[in-house]
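J.: I have a structure I would like to understand better, so I am pasting it below and will then ask my questions one at a time.
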Amino acid sequence: MELIPITDIIQTTKGILESGSKDILIKDISIDSRTINKDSLFLAVKGNRFDGHDFLEDAFRKGALGAVISKEANLLYKEKVIIKVPDTIKALGKIALYNRKRYSNILIAITGSNGKTTTKEMVASIIGKKFKVCKSSENYNNEIGIPLSLLKVLPSHEIIVVEMGMNSLGEIDNLAKISKPDIGVITNIGQTHLENLTSIENVFKGKIELLHNLTKEGIAVLNADDPFTEKIRKIFKGKIITIGIKNKADYKAILIKHEDVSCISFDIENKAKNVTIKRVGTHDVYNALVGFALGCLLKIDISLIKKGLLDTEYPTGRTEFISKKDIVIIDDTYNANPCSMKKAVDALTNISKAKRRIIVVGDMGELGKQAEELHREVGKYIAEKKKIDLLFTLGELGELIGEGAKNSDFPEENIFCYRDKDKLVKTIKKILRPYDYILVKGSRMMNMEKIVREIT
């Protein structure tokens, strides 16, 4: 972020200057008093577990020049800049939009029920072969993460790549208004966050909020194999680029081959041959196609697009392969929903080198009234694949995955249901054999990564 005058902060947020000088330039903006840099502006954001107003003094001791607050604060540092606003999170978004508008660049926003982060990493890696890219880090995909990402944008950045998450209607609308996307990607639309959204129809409504907020010449990239794409075509009248595997698409993957345990190659019909990604699941081909399509749109050479896909680095917990002697653990613990769970099962069944395929699954969160039915459905899916040897479940809802599998003729003696993580780990350690491949997956609340750590 380039320097921002305090006067611009006040004007942008419509805040009131309660103390301090207007004649100050801010080098950075932070919501974390632990890592704040000198000469920064601290935004006192209230989260689920912490309230930034409780850490104002800490921020000032570390060199913050001022703070944006929404509550009364008794401060020792009277000389510091204090700007009062009704809502600090909304103020953060307004400052982010201010920074976004300062520069001439292209913003690509990626949403979808599954594959957002993987697609973002592929896209950023490809585009980075030709352009200076600023991408959202980690899982910065909400009303706090997106603004923080936009505040990192510099004049040198030609392309911005962000992902957008949601768990209720209106969230993506807000994020898109903050970021003003030029290109909108919807990877797919599935059964996620049903606790708040209640139906897949509402998931659809939430995702297309992105397209409603694209800039005038905005372009949408859609999955031709997703059943909602035809519906989107009737609503969105701008330019559409499609990717797919089954249906007709502008960028269609053909001749898909699983080269080894963590590598897939494919051709793109009439576009390219021998495209390779270091992934195990066919679902990641869709993500790669998005990257390829955007690379072509931005006139990046095919050889650089291929290299970008091969060079992509993926965050921990997203289909990460961990080898321990002759055993391989597939860490897919970042999160889970019914669709991503099934895709992970598919990925495991595609591994031909495995002598035994073992699945360790935990509860899937935020599914509302459909939770029990959807857990049983995942169990049924596992049974019907016929290639899974052992099924371990963790949690109360996880037991319903086991029940669904048993009711679909998965051998009962090969189903192990636990509510105690330590006991589950102990059993797995006892039964492991050379050339076992173990998939571990569940929602964030289940902390399934602890199982991965214990068995590696």
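Labels for the structure tokens follow display order: chains A, B, ..., residues from 1 in each chain, ligands from 1.
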Quick check for you: according to DSSP on this backbone, which residues of range 76-242 of chain A are classed as helix (DSSP H, G or I)? Reply as an mmCIF file with N, CA and C atoms, in the first residue's frame.
T.:
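The result, written out as part00.cif:
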```cif
data_model
loop_
_atom_site.group_PDB
_atom_site.id
_atom_site.type_symbol
_atom_site.label_atom_id
_atom_site.label_comp_id
_atom_site.auth_asym_id
_atom_site.auth_seq_id
_atom_site.Cartn_x
_atom_site.Cartn_y
_atom_site.Cartn_z
ATOM 1 N N THR A 88 -16.424 -0.367 12.304
ATOM 2 C CA THR A 88 -15.033 -0.439 11.837
ATOM 3 C C THR A 88 -14.844 -1.429 10.690
ATOM 4 N N ILE A 89 -15.656 -2.476 10.634
ATOM 5 C CA ILE A 89 -15.536 -3.431 9.516
ATOM 6 C C ILE A 89 -15.962 -2.768 8.217
ATOM 7 N N LYS A 90 -17.056 -2.014 8.274
ATOM 8 C CA LYS A 90 -17.489 -1.287 7.073
ATOM 9 C C LYS A 90 -16.464 -0.228 6.688
ATOM 10 N N ALA A 91 -15.853 0.394 7.685
ATOM 11 C CA ALA A 91 -14.806 1.385 7.410
ATOM 12 C C ALA A 91 -13.617 0.733 6.710
ATOM 13 N N LEU A 92 -13.266 -0.462 7.146
ATOM 14 C CA LEU A 92 -12.176 -1.209 6.515
ATOM 15 C C LEU A 92 -12.481 -1.442 5.040
ATOM 16 N N GLY A 93 -13.714 -1.843 4.743
ATOM 17 C CA GLY A 93 -14.116 -2.066 3.358
ATOM 18 C C GLY A 93 -14.040 -0.799 2.521
ATOM 19 N N LYS A 94 -14.444 0.324 3.096
ATOM 20 C CA LYS A 94 -14.413 1.601 2.370
ATOM 21 C C LYS A 94 -12.979 2.027 2.059
ATOM 22 N N ILE A 95 -12.081 1.816 3.015
ATOM 23 C CA ILE A 95 -10.672 2.165 2.786
ATOM 24 C C ILE A 95 -10.076 1.250 1.713
ATOM 25 N N ALA A 96 -10.461 -0.021 1.736
ATOM 26 C CA ALA A 96 -9.973 -0.972 0.730
ATOM 27 C C ALA A 96 -10.431 -0.563 -0.664
ATOM 28 N N LEU A 97 -11.699 -0.168 -0.790
ATOM 29 C CA LEU A 97 -12.212 0.281 -2.086
ATOM 30 C C LEU A 97 -11.476 1.541 -2.546
ATOM 31 N N TYR A 98 -11.204 2.437 -1.622
ATOM 32 C CA TYR A 98 -10.417 3.643 -1.930
ATOM 33 C C TYR A 98 -9.071 3.248 -2.539
ATOM 34 N N ASN A 99 -8.397 2.271 -1.914
ATOM 35 C CA ASN A 99 -7.088 1.836 -2.411
ATOM 36 C C ASN A 99 -7.217 1.147 -3.761
ATOM 37 N N ARG A 100 -8.275 0.374 -3.930
ATOM 38 C CA ARG A 100 -8.527 -0.322 -5.207
ATOM 39 C C ARG A 100 -8.682 0.688 -6.345
ATOM 40 N N LYS A 101 -9.370 1.786 -6.080
ATOM 41 C CA LYS A 101 -9.661 2.773 -7.123
ATOM 42 C C LYS A 101 -8.451 3.645 -7.464
ATOM 43 N N LYS A 116 -12.272 -22.969 -4.685
ATOM 44 C CA LYS A 116 -11.915 -21.548 -4.785
ATOM 45 C C LYS A 116 -10.418 -21.312 -4.587
ATOM 46 N N THR A 117 -9.884 -21.856 -3.506
ATOM 47 C CA THR A 117 -8.483 -21.579 -3.176
ATOM 48 C C THR A 117 -7.535 -22.220 -4.180
ATOM 49 N N THR A 118 -7.801 -23.466 -4.541
ATOM 50 C CA THR A 118 -6.952 -24.145 -5.525
ATOM 51 C C THR A 118 -6.968 -23.392 -6.847
ATOM 52 N N THR A 119 -8.153 -22.973 -7.280
ATOM 53 C CA THR A 119 -8.265 -22.214 -8.531
ATOM 54 C C THR A 119 -7.512 -20.902 -8.430
ATOM 55 N N LYS A 120 -7.671 -20.208 -7.295
ATOM 56 C CA LYS A 120 -6.961 -18.930 -7.097
ATOM 57 C C LYS A 120 -5.459 -19.120 -7.223
ATOM 58 N N GLU A 121 -4.933 -20.179 -6.597
ATOM 59 C CA GLU A 121 -3.487 -20.415 -6.637
ATOM 60 C C GLU A 121 -3.024 -20.730 -8.058
ATOM 61 N N MET A 122 -3.804 -21.533 -8.791
ATOM 62 C CA MET A 122 -3.454 -21.842 -10.180
ATOM 63 C C MET A 122 -3.471 -20.583 -11.043
ATOM 64 N N VAL A 123 -4.530 -19.806 -10.908
ATOM 65 C CA VAL A 123 -4.680 -18.579 -11.695
ATOM 66 C C VAL A 123 -3.532 -17.616 -11.415
ATOM 67 N N ALA A 124 -3.224 -17.401 -10.148
ATOM 68 C CA ALA A 124 -2.155 -16.472 -9.778
ATOM 69 C C ALA A 124 -0.799 -16.947 -10.289
ATOM 70 N N SER A 125 -0.574 -18.252 -10.232
ATOM 71 C CA SER A 125 0.697 -18.806 -10.708
ATOM 72 C C SER A 125 0.849 -18.605 -12.215
ATOM 73 N N ILE A 126 -0.226 -18.851 -12.943
ATOM 74 C CA ILE A 126 -0.190 -18.672 -14.409
ATOM 75 C C ILE A 126 0.024 -17.208 -14.771
ATOM 76 N N ILE A 127 -0.798 -16.342 -14.202
ATOM 77 C CA ILE A 127 -0.741 -14.922 -14.558
ATOM 78 C C ILE A 127 0.587 -14.308 -14.130
ATOM 79 N N GLY A 145 -11.008 -10.287 5.293
ATOM 80 C CA GLY A 145 -9.888 -10.770 4.484
ATOM 81 C C GLY A 145 -9.748 -10.077 3.141
ATOM 82 N N ILE A 146 -10.872 -9.885 2.446
ATOM 83 C CA ILE A 146 -10.820 -9.233 1.132
ATOM 84 C C ILE A 146 -10.279 -7.795 1.251
ATOM 85 N N PRO A 147 -10.820 -6.964 2.153
ATOM 86 C CA PRO A 147 -10.244 -5.618 2.295
ATOM 87 C C PRO A 147 -8.752 -5.623 2.638
ATOM 88 N N LEU A 148 -8.343 -6.518 3.540
ATOM 89 C CA LEU A 148 -6.926 -6.581 3.897
ATOM 90 C C LEU A 148 -6.073 -6.927 2.680
ATOM 91 N N SER A 149 -6.594 -7.795 1.830
ATOM 92 C CA SER A 149 -5.880 -8.149 0.596
ATOM 93 C C SER A 149 -5.783 -6.949 -0.340
ATOM 94 N N LEU A 150 -6.875 -6.209 -0.476
ATOM 95 C CA LEU A 150 -6.887 -5.050 -1.371
ATOM 96 C C LEU A 150 -5.971 -3.940 -0.888
ATOM 97 N N GLU A 171 -23.492 -11.516 1.250
ATOM 98 C CA GLU A 171 -22.063 -11.412 1.571
ATOM 99 C C GLU A 171 -21.216 -11.158 0.335
ATOM 100 N N ILE A 172 -21.457 -11.935 -0.725
ATOM 101 C CA ILE A 172 -20.662 -11.740 -1.934
ATOM 102 C C ILE A 172 -21.013 -10.403 -2.586
ATOM 103 N N ASP A 173 -22.268 -10.007 -2.491
ATOM 104 C CA ASP A 173 -22.672 -8.695 -2.992
ATOM 105 C C ASP A 173 -21.823 -7.610 -2.330
ATOM 106 N N ASN A 174 -21.651 -7.702 -1.028
ATOM 107 C CA ASN A 174 -20.850 -6.729 -0.288
ATOM 108 C C ASN A 174 -19.384 -6.795 -0.703
ATOM 109 N N LEU A 175 -18.833 -8.002 -0.812
ATOM 110 C CA LEU A 175 -17.427 -8.164 -1.179
ATOM 111 C C LEU A 175 -17.154 -7.643 -2.586
ATOM 112 N N ALA A 176 -18.108 -7.880 -3.497
ATOM 113 C CA ALA A 176 -17.934 -7.423 -4.876
ATOM 114 C C ALA A 176 -18.039 -5.901 -4.980
ATOM 115 N N LYS A 177 -18.882 -5.313 -4.156
ATOM 116 C CA LYS A 177 -18.990 -3.843 -4.153
ATOM 117 C C LYS A 177 -17.699 -3.211 -3.625
ATOM 118 N N ILE A 178 -17.040 -3.893 -2.696
ATOM 119 C CA ILE A 178 -15.765 -3.410 -2.157
ATOM 120 C C ILE A 178 -14.649 -3.526 -3.191
ATOM 121 N N SER A 179 -14.661 -4.605 -3.976
ATOM 122 C CA SER A 179 -13.511 -4.923 -4.835
ATOM 123 C C SER A 179 -13.681 -4.568 -6.309
ATOM 124 N N LEU A 194 -25.689 -24.721 4.216
ATOM 125 C CA LEU A 194 -27.152 -24.832 4.165
ATOM 126 C C LEU A 194 -27.814 -24.452 5.485
ATOM 127 N N GLU A 195 -27.020 -24.399 6.550
ATOM 128 C CA GLU A 195 -27.576 -23.996 7.844
ATOM 129 C C GLU A 195 -28.169 -22.590 7.761
ATOM 130 N N ASN A 196 -27.457 -21.702 7.061
ATOM 131 C CA ASN A 196 -27.955 -20.337 6.873
ATOM 132 C C ASN A 196 -28.729 -20.183 5.567
ATOM 133 N N LEU A 197 -28.235 -20.834 4.525
ATOM 134 C CA LEU A 197 -28.811 -20.625 3.198
ATOM 135 C C LEU A 197 -30.038 -21.493 2.929
ATOM 136 N N ILE A 200 -30.023 -25.177 -1.969
ATOM 137 C CA ILE A 200 -29.016 -24.974 -3.010
ATOM 138 C C ILE A 200 -29.423 -23.824 -3.922
ATOM 139 N N GLU A 201 -30.724 -23.562 -4.008
ATOM 140 C CA GLU A 201 -31.212 -22.430 -4.800
ATOM 141 C C GLU A 201 -30.685 -21.112 -4.210
ATOM 142 N N ASN A 202 -30.627 -21.041 -2.882
ATOM 143 C CA ASN A 202 -30.086 -19.842 -2.248
ATOM 144 C C ASN A 202 -28.567 -19.753 -2.394
ATOM 145 N N VAL A 203 -27.910 -20.915 -2.445
ATOM 146 C CA VAL A 203 -26.471 -20.911 -2.728
ATOM 147 C C VAL A 203 -26.247 -20.276 -4.102
ATOM 148 N N PHE A 204 -27.068 -20.686 -5.058
ATOM 149 C CA PHE A 204 -27.006 -20.124 -6.407
ATOM 150 C C PHE A 204 -27.209 -18.608 -6.386
ATOM 151 N N LYS A 205 -28.227 -18.165 -5.680
ATOM 152 C CA LYS A 205 -28.514 -16.722 -5.608
ATOM 153 C C LYS A 205 -27.335 -15.955 -5.012
ATOM 154 N N GLY A 206 -26.711 -16.554 -3.993
ATOM 155 C CA GLY A 206 -25.566 -15.901 -3.368
ATOM 156 C C GLY A 206 -24.367 -15.816 -4.288
ATOM 157 N N LYS A 207 -24.094 -16.887 -5.025
ATOM 158 C CA LYS A 207 -22.923 -16.909 -5.899
ATOM 159 C C LYS A 207 -23.048 -15.926 -7.059
ATOM 160 N N GLU A 209 -24.385 -13.151 -7.085
ATOM 161 C CA GLU A 209 -24.195 -11.758 -6.653
ATOM 162 C C GLU A 209 -22.878 -11.211 -7.203
ATOM 163 N N LEU A 210 -21.903 -12.077 -7.386
ATOM 164 C CA LEU A 210 -20.624 -11.664 -7.958
ATOM 165 C C LEU A 210 -20.819 -11.092 -9.357
ATOM 166 N N LEU A 211 -21.587 -11.794 -10.174
ATOM 167 C CA LEU A 211 -21.754 -11.378 -11.570
ATOM 168 C C LEU A 211 -22.546 -10.081 -11.683
ATOM 169 N N HIS A 212 -23.475 -9.870 -10.763
ATOM 170 C CA HIS A 212 -24.263 -8.632 -10.774
ATOM 171 C C HIS A 212 -23.397 -7.395 -10.522
ATOM 172 N N THR A 229 -25.390 -23.465 -14.700
ATOM 173 C CA THR A 229 -24.796 -22.567 -15.689
ATOM 174 C C THR A 229 -25.809 -22.072 -16.722
ATOM 175 N N GLU A 230 -26.676 -22.942 -17.171
ATOM 176 C CA GLU A 230 -27.685 -22.512 -18.142
ATOM 177 C C GLU A 230 -28.604 -21.452 -17.545
ATOM 178 N N LYS A 231 -28.893 -21.577 -16.270
ATOM 179 C CA LYS A 231 -29.714 -20.582 -15.592
ATOM 180 C C LYS A 231 -28.990 -19.240 -15.522
ATOM 181 N N ILE A 232 -27.679 -19.303 -15.279
ATOM 182 C CA ILE A 232 -26.890 -18.079 -15.223
ATOM 183 C C ILE A 232 -26.877 -17.390 -16.583
ATOM 184 N N ARG A 233 -26.798 -18.166 -17.642
ATOM 185 C CA ARG A 233 -26.785 -17.596 -18.997
ATOM 186 C C ARG A 233 -28.005 -16.717 -19.256
ATOM 187 N N LYS A 234 -29.126 -17.098 -18.665
ATOM 188 C CA LYS A 234 -30.360 -16.341 -18.872
ATOM 189 C C LYS A 234 -30.381 -15.040 -18.079
ATOM 190 N N ILE A 235 -29.554 -14.986 -17.032
ATOM 191 C CA ILE A 235 -29.535 -13.813 -16.154
ATOM 192 C C ILE A 235 -28.417 -12.852 -16.519
#
```
J.: List the neighbours of Ile415 in chain A out to 8 Å using only C-alpha atoms; skip same-chain residues closer than 4 positions along the sequence, and give me the result as a PyMOL selection string.
T.: chain A and resi 390-393+402+406+410-411
J.: For Gly281 in chain A, which residue out of A:Cys417, A:Val261, A:Ile451, A:Met446 is the nearest one, using only C-alpha atoms?
T.: A:Val261
J.: What is the CA of Glu2 in chain A-CA of Lys38 in chain A distance in Å, reported with one decimal?
T.: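 Interatomic distance here is 14.7 Å.
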J.: Find the distance between CA of Phe236 in chain A and CA of Ile183 in chain A and write it in Å to one decimal.
T.: 12.8 Å
J.: Could you work out how far CA of Val221 in chain A lies from CA of Leu297 in chain A, giving the answer in Å with one decimal?
T.: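 Computing the Euclidean distance for CA of Leu297 in chain A and CA of Val221 in chain A yields 10.6 Å.
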J.: With only C-alpha atoms as the basis for distance, which of A:Lys385, A:Arg356, A:Lys180, A:Lys252 is at the shortest distance from Asp436 in chain A?
T.: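 Smallest distance to Asp436 in chain A is found for A:Arg356.
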J.: Tell me, as a ChimeraX atom specification, which residues lie within 9 Å of Ala371 in chain A, counting only C-alpha atoms; anything in the same chain fewer than 4 positions away does not count.
T.: /A:194-195,364-367,375-376,397
J.: Could you turn the residues from that selection into a file that holds C-alpha atoms, as an mmCIF file, in the first residue's frame?
T.:
```cif
data_model
loop_
_atom_site.group_PDB
_atom_site.id
_atom_site.type_symbol
_atom_site.label_atom_id
_atom_site.label_comp_id
_atom_site.auth_asym_id
_atom_site.auth_seq_id
_atom_site.Cartn_x
_atom_site.Cartn_y
_atom_site.Cartn_z
ATOM 1 C CA LEU A 194 -27.152 -24.832 4.165
ATOM 2 C CA GLU A 195 -27.576 -23.996 7.844
ATOM 3 C CA MET A 364 -19.474 -31.759 7.922
ATOM 4 C CA GLY A 365 -20.670 -28.478 9.418
ATOM 5 C CA GLU A 366 -23.266 -25.847 8.517
ATOM 6 C CA LEU A 367 -25.678 -28.187 6.727
ATOM 7 C CA HIS A 375 -23.996 -37.454 5.907
ATOM 8 C CA ARG A 376 -25.790 -40.724 5.138
ATOM 9 C CA LEU A 397 -22.666 -36.865 12.433
#
```
J.: Need to verify the contact set: range 275-277 of chain A, 6 Å, only C-alpha atoms, exclusion of same-chain residues closer than 5 positions in sequence. Can you return it as a list in words?
T.: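 Here the qualifying residues turn out to be Cys263, Ile264, Ser265, Phe266, Asp267, Leu309 and Leu310 of chain A.
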